[in-house]
Every structure is written in structure tokens, then in C-alpha cells.
$ cat query-v5.txt   # compact mmCIF, C-alpha atoms and all ligand atoms
# COMPACT_ATOMS: atom_id res chain seq x y z
CA MET A 16 -64.98 21.05 169.19
CA PRO A 17 -61.92 23.30 169.63
CA LYS A 18 -62.22 26.87 168.34
CA SER A 19 -60.94 27.28 164.80
CA VAL A 20 -58.95 30.05 163.12
CA ARG A 21 -62.23 31.23 161.57
CA ASP A 22 -63.84 31.44 165.06
CA ILE A 23 -60.94 33.54 166.37
CA LEU A 24 -60.93 35.83 163.31
CA SER A 25 -64.67 36.41 163.69
CA MET A 26 -64.16 37.73 167.23
CA LYS A 27 -62.29 40.83 166.01
CA ASN A 28 -64.44 43.90 166.66
CA SER A 29 -67.14 41.84 168.36
CA LYS A 30 -65.78 40.04 171.44
CA LYS A 31 -62.45 40.22 173.29
CA ILE A 32 -60.30 37.11 172.85
CA THR A 33 -59.05 35.50 176.08
CA VAL A 34 -55.73 33.67 176.06
CA LEU A 35 -53.81 31.99 178.89
CA THR A 36 -50.66 29.94 178.82
CA ALA A 37 -50.86 26.26 179.80
CA TYR A 38 -48.18 23.60 179.94
CA ASP A 39 -49.88 20.53 181.43
CA TYR A 40 -53.06 18.42 181.39
CA THR A 41 -54.64 19.65 184.65
CA THR A 42 -54.10 23.34 183.92
CA ALA A 43 -55.46 22.91 180.39
CA GLN A 44 -58.62 21.30 181.78
CA LEU A 45 -59.14 24.16 184.26
CA CYS A 46 -58.62 26.92 181.68
CA ASP A 47 -60.89 25.14 179.22
CA LYS A 48 -63.59 24.78 181.88
CA ALA A 49 -63.35 28.55 182.52
CA GLY A 50 -64.03 29.22 178.84
CA ILE A 51 -60.63 30.57 177.76
CA ASP A 52 -60.58 30.91 173.95
CA ILE A 53 -56.93 30.05 173.24
CA LEU A 54 -54.46 28.02 175.30
CA LEU A 55 -50.92 29.08 174.51
CA VAL A 56 -48.21 26.52 175.16
CA GLY A 57 -45.67 29.30 175.52
CA ASP A 58 -41.94 28.83 175.73
CA SER A 59 -42.36 30.75 179.00
CA GLY A 60 -42.89 27.17 180.24
CA GLY A 61 -39.10 26.95 180.24
CA MET A 62 -39.05 29.55 183.01
CA VAL A 63 -42.17 28.81 185.07
CA MET A 64 -42.14 25.00 184.71
CA LEU A 65 -38.47 24.18 184.24
CA GLY A 66 -36.72 27.00 186.12
CA TYR A 67 -34.62 28.45 183.28
CA GLU A 68 -33.56 32.11 183.57
CA ASN A 69 -35.12 32.89 180.18
CA THR A 70 -36.72 31.11 177.21
CA ILE A 71 -33.51 30.57 175.24
CA PRO A 72 -32.67 27.00 176.42
CA VAL A 73 -36.15 25.64 175.59
CA THR A 74 -36.07 22.75 173.09
CA MET A 75 -38.53 21.36 170.56
CA GLU A 76 -38.74 18.14 172.59
CA GLN A 77 -39.86 20.09 175.67
CA MET A 78 -42.42 22.08 173.65
CA CYS A 79 -43.84 18.87 172.15
CA PHE A 80 -44.01 17.30 175.63
CA PHE A 81 -45.97 20.29 177.03
CA THR A 82 -48.18 20.44 173.92
CA GLU A 83 -49.16 16.76 174.12
CA ALA A 84 -50.23 17.18 177.76
CA VAL A 85 -52.26 20.34 177.07
CA ALA A 86 -53.92 18.71 174.04
CA ARG A 87 -55.14 15.88 176.30
CA GLY A 88 -56.67 18.40 178.71
CA ARG A 89 -58.50 20.85 176.43
CA GLN A 90 -61.80 20.40 174.69
CA ASN A 91 -63.00 23.77 173.39
CA ALA A 92 -60.01 26.10 173.41
CA MET A 93 -57.77 26.53 170.40
CA LEU A 94 -54.23 25.32 171.14
CA VAL A 95 -51.33 27.47 169.93
CA ALA A 96 -47.77 26.27 170.61
CA ASP A 97 -44.57 28.34 170.55
CA LEU A 98 -41.71 27.52 168.22
CA PRO A 99 -38.74 27.83 170.60
CA PHE A 100 -35.49 29.75 170.00
CA MET A 101 -33.52 28.42 167.00
CA SER A 102 -36.27 26.04 165.88
CA TYR A 103 -37.30 28.25 162.91
CA GLN A 104 -34.51 30.76 162.26
CA ALA A 105 -32.09 28.51 160.33
CA SER A 106 -34.26 27.90 157.26
CA LYS A 107 -37.83 27.74 156.02
CA SER A 108 -37.65 23.96 155.86
CA GLN A 109 -36.51 23.82 159.50
CA ALA A 110 -39.46 26.05 160.44
CA ILE A 111 -41.94 23.90 158.50
CA GLU A 112 -40.56 20.67 159.93
CA ASN A 113 -40.71 21.92 163.54
CA SER A 114 -44.17 23.46 163.06
CA GLY A 115 -45.31 20.05 161.83
CA LYS A 116 -43.94 18.42 165.00
CA LEU A 117 -46.01 20.78 167.19
CA ILE A 118 -49.13 20.11 165.10
CA LYS A 119 -48.56 16.35 165.41
CA ALA A 120 -48.19 16.84 169.18
CA GLY A 121 -51.72 18.32 169.24
CA ALA A 122 -51.39 22.06 168.47
CA ASP A 123 -53.85 23.80 166.11
CA ALA A 124 -51.40 26.59 165.28
CA VAL A 125 -47.86 27.75 166.03
CA LYS A 126 -46.48 31.07 167.25
CA LEU A 127 -43.12 32.56 166.39
CA GLU A 128 -41.35 35.78 167.29
CA GLY A 129 -40.23 38.44 164.84
CA GLY A 130 -41.35 41.09 162.37
CA LEU A 131 -40.20 41.75 158.80
CA GLU A 132 -37.30 39.31 159.15
CA VAL A 133 -39.66 36.32 159.62
CA LYS A 134 -42.38 37.22 157.11
CA ASP A 135 -41.16 34.74 154.49
CA THR A 136 -40.93 32.03 157.15
CA VAL A 137 -44.50 32.77 158.25
CA ARG A 138 -45.66 32.58 154.63
CA ALA A 139 -43.86 29.24 154.12
CA ILE A 140 -45.48 27.69 157.22
CA VAL A 141 -48.94 29.02 156.29
CA GLU A 142 -48.54 27.69 152.73
CA VAL A 143 -48.22 24.11 154.01
CA GLY A 144 -51.51 24.58 155.88
CA ILE A 145 -50.33 25.44 159.40
CA PRO A 146 -51.89 28.55 160.98
CA VAL A 147 -49.38 31.02 162.46
CA MET A 148 -49.66 33.60 165.24
CA GLY A 149 -47.01 36.31 165.02
CA HIS A 150 -45.30 37.89 168.05
CA ILE A 151 -43.82 41.39 167.94
CA GLY A 152 -42.86 44.12 170.38
CA PHE A 153 -40.81 42.69 173.20
CA GLN A 154 -39.52 39.34 171.89
CA PRO A 155 -38.24 37.30 174.85
CA GLN A 156 -36.10 34.99 172.66
CA THR A 157 -33.93 37.82 171.29
CA THR A 158 -34.67 41.14 172.99
CA THR A 159 -33.42 39.79 176.32
CA LEU A 160 -30.05 39.11 174.65
CA GLN A 161 -29.83 42.61 173.17
CA GLU A 162 -31.34 45.08 175.60
CA GLY A 163 -33.16 43.32 178.44
CA TYR A 164 -36.80 43.83 179.40
CA LYS A 165 -37.88 47.14 177.83
CA ILE A 166 -41.16 48.76 176.77
CA GLN A 167 -41.41 48.76 172.97
CA ALA A 168 -42.54 51.47 170.51
CA LYS A 169 -41.88 54.49 172.72
CA THR A 170 -40.62 56.64 169.84
CA LYS A 171 -42.19 57.51 166.48
CA ASP A 172 -39.55 55.58 164.52
CA ALA A 173 -39.87 52.46 166.66
CA ALA A 174 -43.66 52.67 166.38
CA VAL A 175 -43.58 52.96 162.58
CA LYS A 176 -41.30 49.90 162.42
CA LEU A 177 -43.71 47.91 164.55
CA ILE A 178 -46.76 48.95 162.52
CA GLU A 179 -44.93 47.89 159.33
CA ALA A 180 -44.03 44.56 160.96
CA ALA A 181 -47.67 43.91 161.90
CA LYS A 182 -48.82 44.67 158.34
CA ALA A 183 -46.12 42.40 156.89
CA LEU A 184 -47.15 39.51 159.15
CA GLU A 185 -50.79 39.95 158.17
CA GLU A 186 -49.81 40.02 154.51
CA ALA A 187 -47.73 36.85 155.00
CA GLY A 188 -50.83 35.03 156.24
CA ALA A 189 -50.61 35.15 160.06
CA PHE A 190 -54.08 34.77 161.63
CA SER A 191 -53.28 36.88 164.70
CA ILE A 192 -50.38 38.75 166.30
CA ALA A 193 -49.23 38.85 169.93
CA LEU A 194 -48.08 42.34 170.97
CA GLU A 195 -45.77 42.21 173.99
CA MET A 196 -45.00 45.30 176.10
CA VAL A 197 -45.99 47.73 173.35
CA THR A 198 -47.16 51.23 174.33
CA LYS A 199 -50.94 51.30 174.47
CA GLU A 200 -51.22 54.06 171.84
CA VAL A 201 -49.24 52.05 169.29
CA SER A 202 -51.17 48.84 170.11
CA LYS A 203 -54.37 50.72 169.32
CA ILE A 204 -52.99 51.97 166.00
CA ILE A 205 -51.82 48.46 165.06
CA SER A 206 -55.14 46.88 166.08
CA ASN A 207 -57.00 49.41 163.92
CA SER A 208 -54.67 49.01 160.93
CA ILE A 209 -54.93 45.24 160.43
CA LYS A 210 -57.85 42.87 159.92
CA ILE A 211 -56.46 40.03 162.04
CA PRO A 212 -56.77 40.12 165.85
CA THR A 213 -54.01 41.46 168.09
CA ILE A 214 -53.44 39.68 171.40
CA GLY A 215 -51.81 41.98 173.94
CA ILE A 216 -49.59 41.26 176.89
CA GLY A 217 -48.63 44.44 178.70
CA SER A 218 -49.90 46.36 175.66
CA GLY A 219 -52.98 48.14 176.95
CA PRO A 220 -56.74 47.71 176.61
CA ASP A 221 -57.22 48.30 172.88
CA CYS A 222 -55.85 44.98 171.65
CA ASP A 223 -58.44 42.52 170.34
CA GLY A 224 -57.53 40.04 173.06
CA GLN A 225 -55.31 39.61 176.10
CA VAL A 226 -52.82 36.93 177.08
CA LEU A 227 -51.18 36.32 180.45
CA VAL A 228 -48.96 33.61 181.88
CA PHE A 229 -51.00 31.17 184.02
CA HIS A 230 -48.47 31.28 186.87
CA ASP A 231 -48.69 35.10 187.02
CA VAL A 232 -52.51 35.14 187.10
CA LEU A 233 -52.53 32.72 190.04
CA GLY A 234 -49.54 34.22 191.86
CA LEU A 235 -47.41 31.11 191.51
CA TYR A 236 -44.20 32.57 190.03
CA GLU A 237 -42.17 34.75 192.37
CA LYS A 238 -38.98 35.42 190.38
CA ILE A 239 -40.36 38.09 188.04
CA LYS A 240 -43.57 40.04 188.73
CA PRO A 241 -44.27 42.20 185.67
CA LYS A 242 -46.33 45.36 186.26
CA PHE A 243 -48.77 44.33 183.53
CA ALA A 244 -49.52 40.88 184.94
CA LYS A 245 -52.55 41.19 187.23
CA ARG A 246 -52.34 38.56 189.97
CA TYR A 247 -55.86 37.29 190.70
CA LEU A 248 -54.63 35.03 193.51
CA GLU A 249 -51.48 34.70 195.63
CA LEU A 250 -51.47 30.93 195.43
CA SER A 251 -47.81 30.24 196.24
CA GLY A 252 -48.31 31.37 199.86
CA GLU A 253 -51.46 29.23 200.15
CA ILE A 254 -49.66 26.21 198.70
CA VAL A 255 -46.75 26.54 201.12
CA LYS A 256 -49.28 26.80 204.00
CA ALA A 257 -51.06 23.62 202.90
CA ILE A 258 -47.80 21.69 202.45
CA THR A 259 -46.58 22.81 205.88
CA SER A 260 -49.85 21.53 207.44
CA TYR A 261 -49.37 18.19 205.69
CA LYS A 262 -45.77 17.94 206.93
CA ASN A 263 -46.82 18.81 210.50
CA ASP A 264 -49.67 16.27 210.43
CA VAL A 265 -47.34 13.49 209.27
CA VAL A 266 -44.73 14.35 211.91
CA SER A 267 -47.35 14.54 214.69
CA GLY A 268 -49.18 11.38 213.57
CA LYS A 269 -52.41 13.27 212.80
CA PHE A 270 -52.26 12.06 209.20
CA PRO A 271 -53.28 9.55 208.02
CA ALA A 272 -56.47 9.29 210.11
CA SER A 273 -58.76 6.26 210.03
CA GLU A 274 -60.77 7.71 207.11
CA HIS A 275 -57.59 7.70 205.01
CA SER A 276 -56.75 4.05 205.80
CA PHE A 277 -58.02 0.66 204.60
CA SER A 278 -59.03 -2.24 206.90
CA MET A 279 -58.80 -5.99 206.61
CA ASP A 280 -61.76 -8.27 207.16
CA LYS A 281 -61.86 -9.04 210.96
CA LEU A 282 -61.90 -12.81 210.49
CA GLU A 283 -59.02 -12.68 208.05
CA LEU A 284 -57.11 -10.51 210.52
CA GLU A 285 -57.63 -13.05 213.33
CA ARG A 286 -56.37 -15.83 211.06
CA LEU A 287 -53.37 -13.78 210.07
CA LYS A 288 -52.50 -12.94 213.68
CA LYS A 289 -52.58 -16.63 214.62
CA GLU A 290 -50.27 -17.45 211.77
CA VAL A 291 -47.71 -14.74 212.49
CA GLU A 292 -47.79 -15.36 216.24
O1 LIG B 301 -44.21 32.22 175.99
C1 LIG B 301 -45.17 32.93 176.31
O2 LIG B 301 -45.80 32.77 177.35
C2 LIG B 301 -45.54 34.01 175.40
C3 LIG B 301 -46.51 35.03 175.90
C4 LIG B 301 -45.81 35.89 176.85
C5 LIG B 301 -47.14 35.78 174.80
O3 LIG B 301 -45.05 34.08 174.32
$ encode --input "query-v5.txt" --output "C-alpha cells"
Amino acid sequence: MPKSVRDILSMKNSKKITVLTAYDYTTAQLCDKAGIDILLVGDSGGMVMLGYENTIPVTMEQMCFFTEAVARGRQNAMLVADLPFMSYQASKSQAIENSGKLIKAGADAVKLEGGLEVKDTVRAIVEVGIPVMGHIGFQPQTTTLQEGYKIQAKTKDAAVKLIEAAKALEEAGAFSIALEMVTKEVSKIISNSIKIPTIGIGSGPDCDGQVLVFHDVLGLYEKIKPKFAKRYLELSGEIVKAITSYKNDVVSGKFPASEHSFSMDKLELERLKKEVE
């Protein structure tokens, strides 16, 4: 049984919540097997899976496609899917309709970026029965357009704004909030001021859980290497090595060997030879 909202809420103050992004069936299976609590079908998939410069071009169709694949691969993890840029900003009914599409594709909850400006949207989605994860601090869908990658909540005023945003999202019914690139002191204050769990990415150790992008954890994405993303493997180098060995084996005739080939029955082969001769 996948983890429920109630399961995730009950982890606050008792057990750290582990979250990883996933965009396909195989990855979802591996993360689930490792016991990850929440699989996030992030719109970061637009960058690491589709090669976009940022998350802005990602469409609802692409998010539903990723979500369906991840849903087929997970068993125990909760599945949260991102609402992509401009899929919820136009109106509450647009946000509800697109949240519904992600739920029908297999998500258990949706995530959207924004603070006070999206609180009514969050409330509207929650009111139709769809759980929502908020996302404040660095917001890739809009902050990249305005100021580029930047640590959030470095000043008192910025911190107060972020704390207010977290409280507003909780009040609107969000079941958790992702904090991206928020100073660790402010993440701690936010985590202690709300009852729902905070999930940090580049936001220090005092969040209730942590999220990272799958491709960063395994060292598969080379374009951007954020300081906060611990790389547990450097898999891209290993993959290139393996592919080069395959290429060399094919060129040299070493692959396929007899154990990779299928044989005909000897008698049948004799009969065939006679016929083709
Ligand atoms: O899209 C994503 O991967 C995210 C995480 C960075 C939180 O939103």
C-alpha cells in the first residue's frame, strides 16, 4: 500500500522523510525498493530527461506521461507530481482540472510553486479532495526568470516573508512544503512554526525531510552540479565506460559470443543446408 498523507504527517518530529525525484518505471521501482517515502515526479524531468535549459517548457502532457510510468513502478512510496509552469496560474478551475489529470495519471498528490499568491489556489485544489505539497524559497519556474539561481531568505525581511508564506500554505490546507535553497536558520524556524512537514532541498538539516534529484544523487547530470546535491555515485563516467566496451566488442567481433546466440537443431540445419545449396 502506498504511504498516505496521514503517514507522511505522522513522521513530523519522529522520523525524517526521504524524497527522491523519479520520472520512469525502472527508477521508480529502484527507489521504492530502497524504501524512499515519497517519489516526486518533478518538472526537473524537463531538464534531466528531456534536455530543456529550465523547467519552463514542461507541459501537462509530459508530466502525465512521466507520472503514469512512475505509478506503474512504485508500490509503497507516495507519488507526488508537479504542476508545471502555467498549468495552475491562470485560474482556480485550471489548477483543479490539471491537478485532476495528474491524479488520474497515478499521482497521490500534486506540488505547486508559490507562497501567498497561490494560497487560494491551494485551498481550491484541497477542497476538491486532492492533497497539495507547497514549494517556496527558490522557485525554479519563476525565480530563474527574475533573478537566476540565488539562495533565499538571507535577510530578515525576506525571511519574514517566507515564514508568512509557509503559514499561509499550511492554513490553506497543504500537507507539506518543499523549501528550496533557503538558509538553514530560516528553514529551522519555518519547520518549528508549522505542524506540517517541510521537505528541504539545499535548505539545511533541520527540515523534516530531504529531497534530491535522482540524476544528481547518482552523478548522471553534468550540466548543473548544485553545491547542496550530494553525489553518491559518479555513474555517467561508468556508463560511458560500459558503452565504449560494448562498442569495441561489436567492432572487434567479441560480442555476441556463443552464449548470447541461439542455435538451430542440427538435423534441421542439415536439411536447410541441402535446400539452399
Ligand atoms: O522538480 C523538482 O525536482 C523539484 C524539486 C527540486 C523539489 O521541484
$ closest_atom_pairs --input "query-v5.txt" --of "segment 52-101 of chain A" --to "segment 126-141 of chain A" --cutoff "8 Å" --atoms "only C-alpha atoms" --output "tab-separated table"
residue	atom	partner	partner_atom	distance
A:Val95	CA	A:Lys126	CA	6.6
A:Ala96	CA	A:Lys126	CA	6.0
A:Asp97	CA	A:Lys126	CA	4.7
A:Leu98	CA	A:Leu127	CA	5.5
A:Pro99	CA	A:Leu127	CA	7.7
$ residues_near_ligand --input "query-v5.txt" --ligand "ligand LIG 301 (chain B)" --cutoff "6 Å" --atoms "all atoms listed in the file" --output "PyMOL selection string"
chain A and resi 36+57-59+228
$ write_last_selection --input "query-v5.txt" --atoms "C-alpha atoms" --output "PDB file, in the coordinates of the input"
ATOM      1  CA  THR A  36     -50.660  29.940 178.820  1.00  0.00           C
ATOM      2  CA  GLY A  57     -45.670  29.300 175.520  1.00  0.00           C
ATOM      3  CA  ASP A  58     -41.940  28.830 175.730  1.00  0.00           C
ATOM      4  CA  SER A  59     -42.360  30.750 179.000  1.00  0.00           C
ATOM      5  CA  VAL A 228     -48.960  33.610 181.880  1.00  0.00           C
TER       6      VAL A 228
END
$ closest_residue --input "query-v5.txt" --among "A:Thr198, A:Thr213, A:Gln225, A:Ser29" --to "Lys171 of chain A" --atoms "only C-alpha atoms"
A:Thr198
$ atom_distance --input "query-v5.txt" --atom1 "atom CA of Ser25 of chain A" --atom2 "atom CA of Gly188 of chain A"
15.8 Å
$ closest_residue --input "query-v5.txt" --among "A:Ala257, A:Glu292, A:Tyr38, A:Lys203" --to "Cys222 of chain A" --atoms "only C-alpha atoms"
A:Lys203
$ build_atoms --input "query-v5.txt" --residues "segment 26-53 of chain A" --atoms "N, CA and C atoms" --output "PDB file, in the coordinates of the input"
ATOM      1  N   MET A  26     -64.002  37.014 165.952  1.00  0.00           N
ATOM      2  CA  MET A  26     -64.160  37.730 167.230  1.00  0.00           C
ATOM      3  C   MET A  26     -63.657  39.170 167.145  1.00  0.00           C
ATOM      4  N   LYS A  27     -62.815  39.454 166.133  1.00  0.00           N
ATOM      5  CA  LYS A  27     -62.290  40.830 166.010  1.00  0.00           C
ATOM      6  C   LYS A  27     -63.461  41.800 165.881  1.00  0.00           C
ATOM      7  N   ASN A  28     -63.401  42.854 166.646  1.00  0.00           N
ATOM      8  CA  ASN A  28     -64.440  43.900 166.660  1.00  0.00           C
ATOM      9  C   ASN A  28     -65.790  43.444 167.221  1.00  0.00           C
ATOM     10  N   SER A  29     -65.853  42.213 167.773  1.00  0.00           N
ATOM     11  CA  SER A  29     -67.140  41.840 168.360  1.00  0.00           C
ATOM     12  C   SER A  29     -66.984  41.364 169.807  1.00  0.00           C
ATOM     13  N   LYS A  30     -65.950  40.587 170.095  1.00  0.00           N
ATOM     14  CA  LYS A  30     -65.780  40.040 171.440  1.00  0.00           C
ATOM     15  C   LYS A  30     -64.294  39.931 171.737  1.00  0.00           C
ATOM     16  N   LYS A  31     -63.879  40.310 172.935  1.00  0.00           N
ATOM     17  CA  LYS A  31     -62.450  40.220 173.290  1.00  0.00           C
ATOM     18  C   LYS A  31     -62.021  38.754 173.358  1.00  0.00           C
ATOM     19  N   ILE A  32     -60.825  38.484 172.875  1.00  0.00           N
ATOM     20  CA  ILE A  32     -60.300  37.110 172.850  1.00  0.00           C
ATOM     21  C   ILE A  32     -59.484  36.878 174.122  1.00  0.00           C
ATOM     22  N   THR A  33     -59.782  35.787 174.824  1.00  0.00           N
ATOM     23  CA  THR A  33     -59.050  35.500 176.080  1.00  0.00           C
ATOM     24  C   THR A  33     -58.042  34.388 175.833  1.00  0.00           C
ATOM     25  N   VAL A  34     -56.809  34.639 176.263  1.00  0.00           N
ATOM     26  CA  VAL A  34     -55.730  33.670 176.060  1.00  0.00           C
ATOM     27  C   VAL A  34     -54.969  33.505 177.375  1.00  0.00           C
ATOM     28  N   LEU A  35     -54.653  32.269 177.718  1.00  0.00           N
ATOM     29  CA  LEU A  35     -53.810  31.990 178.890  1.00  0.00           C
ATOM     30  C   LEU A  35     -52.785  30.941 178.488  1.00  0.00           C
ATOM     31  N   THR A  36     -51.629  30.988 179.106  1.00  0.00           N
ATOM     32  CA  THR A  36     -50.660  29.940 178.820  1.00  0.00           C
ATOM     33  C   THR A  36     -51.057  28.686 179.611  1.00  0.00           C
ATOM     34  N   ALA A  37     -50.662  27.536 179.099  1.00  0.00           N
ATOM     35  CA  ALA A  37     -50.860  26.260 179.800  1.00  0.00           C
ATOM     36  C   ALA A  37     -49.741  25.335 179.357  1.00  0.00           C
ATOM     37  N   TYR A  38     -49.316  24.475 180.267  1.00  0.00           N
ATOM     38  CA  TYR A  38     -48.180  23.600 179.940  1.00  0.00           C
ATOM     39  C   TYR A  38     -48.440  22.144 180.328  1.00  0.00           C
ATOM     40  N   ASP A  39     -49.607  21.891 180.963  1.00  0.00           N
ATOM     41  CA  ASP A  39     -49.880  20.530 181.430  1.00  0.00           C
ATOM     42  C   ASP A  39     -51.373  20.222 181.346  1.00  0.00           C
ATOM     43  N   TYR A  40     -51.690  18.947 181.544  1.00  0.00           N
ATOM     44  CA  TYR A  40     -53.060  18.420 181.390  1.00  0.00           C
ATOM     45  C   TYR A  40     -54.044  19.085 182.357  1.00  0.00           C
ATOM     46  N   THR A  41     -53.700  19.141 183.639  1.00  0.00           N
ATOM     47  CA  THR A  41     -54.640  19.650 184.650  1.00  0.00           C
ATOM     48  C   THR A  41     -54.951  21.119 184.413  1.00  0.00           C
ATOM     49  N   THR A  42     -53.913  21.912 184.172  1.00  0.00           N
ATOM     50  CA  THR A  42     -54.100  23.340 183.920  1.00  0.00           C
ATOM     51  C   THR A  42     -54.952  23.556 182.671  1.00  0.00           C
ATOM     52  N   ALA A  43     -54.690  22.771 181.642  1.00  0.00           N
ATOM     53  CA  ALA A  43     -55.460  22.910 180.390  1.00  0.00           C
ATOM     54  C   ALA A  43     -56.936  22.651 180.662  1.00  0.00           C
ATOM     55  N   GLN A  44     -57.223  21.629 181.456  1.00  0.00           N
ATOM     56  CA  GLN A  44     -58.620  21.300 181.780  1.00  0.00           C
ATOM     57  C   GLN A  44     -59.290  22.459 182.506  1.00  0.00           C
ATOM     58  N   LEU A  45     -58.564  23.064 183.471  1.00  0.00           N
ATOM     59  CA  LEU A  45     -59.140  24.160 184.260  1.00  0.00           C
ATOM     60  C   LEU A  45     -59.406  25.391 183.386  1.00  0.00           C
ATOM     61  N   CYS A  46     -58.451  25.731 182.549  1.00  0.00           N
ATOM     62  CA  CYS A  46     -58.620  26.920 181.680  1.00  0.00           C
ATOM     63  C   CYS A  46     -59.747  26.697 180.700  1.00  0.00           C
ATOM     64  N   ASP A  47     -59.847  25.485 180.182  1.00  0.00           N
ATOM     65  CA  ASP A  47     -60.890  25.140 179.220  1.00  0.00           C
ATOM     66  C   ASP A  47     -62.251  25.251 179.883  1.00  0.00           C
ATOM     67  N   LYS A  48     -62.339  24.736 181.110  1.00  0.00           N
ATOM     68  CA  LYS A  48     -63.590  24.780 181.880  1.00  0.00           C
ATOM     69  C   LYS A  48     -64.026  26.230 182.111  1.00  0.00           C
ATOM     70  N   ALA A  49     -63.045  27.132 182.272  1.00  0.00           N
ATOM     71  CA  ALA A  49     -63.350  28.550 182.520  1.00  0.00           C
ATOM     72  C   ALA A  49     -63.713  29.285 181.234  1.00  0.00           C
ATOM     73  N   GLY A  50     -63.595  28.616 180.097  1.00  0.00           N
ATOM     74  CA  GLY A  50     -64.030  29.220 178.840  1.00  0.00           C
ATOM     75  C   GLY A  50     -62.981  30.058 178.129  1.00  0.00           C
ATOM     76  N   ILE A  51     -61.710  29.844 178.451  1.00  0.00           N
ATOM     77  CA  ILE A  51     -60.630  30.570 177.760  1.00  0.00           C
ATOM     78  C   ILE A  51     -60.642  30.183 176.276  1.00  0.00           C
ATOM     79  N   ASP A  52     -60.474  31.177 175.395  1.00  0.00           N
ATOM     80  CA  ASP A  52     -60.580  30.910 173.950  1.00  0.00           C
ATOM     81  C   ASP A  52     -59.359  30.200 173.367  1.00  0.00           C
ATOM     82  N   ILE A  53     -58.166  30.644 173.804  1.00  0.00           N
ATOM     83  CA  ILE A  53     -56.930  30.050 173.240  1.00  0.00           C
ATOM     84  C   ILE A  53     -56.009  29.664 174.393  1.00  0.00           C
TER      85      ILE A  53
END
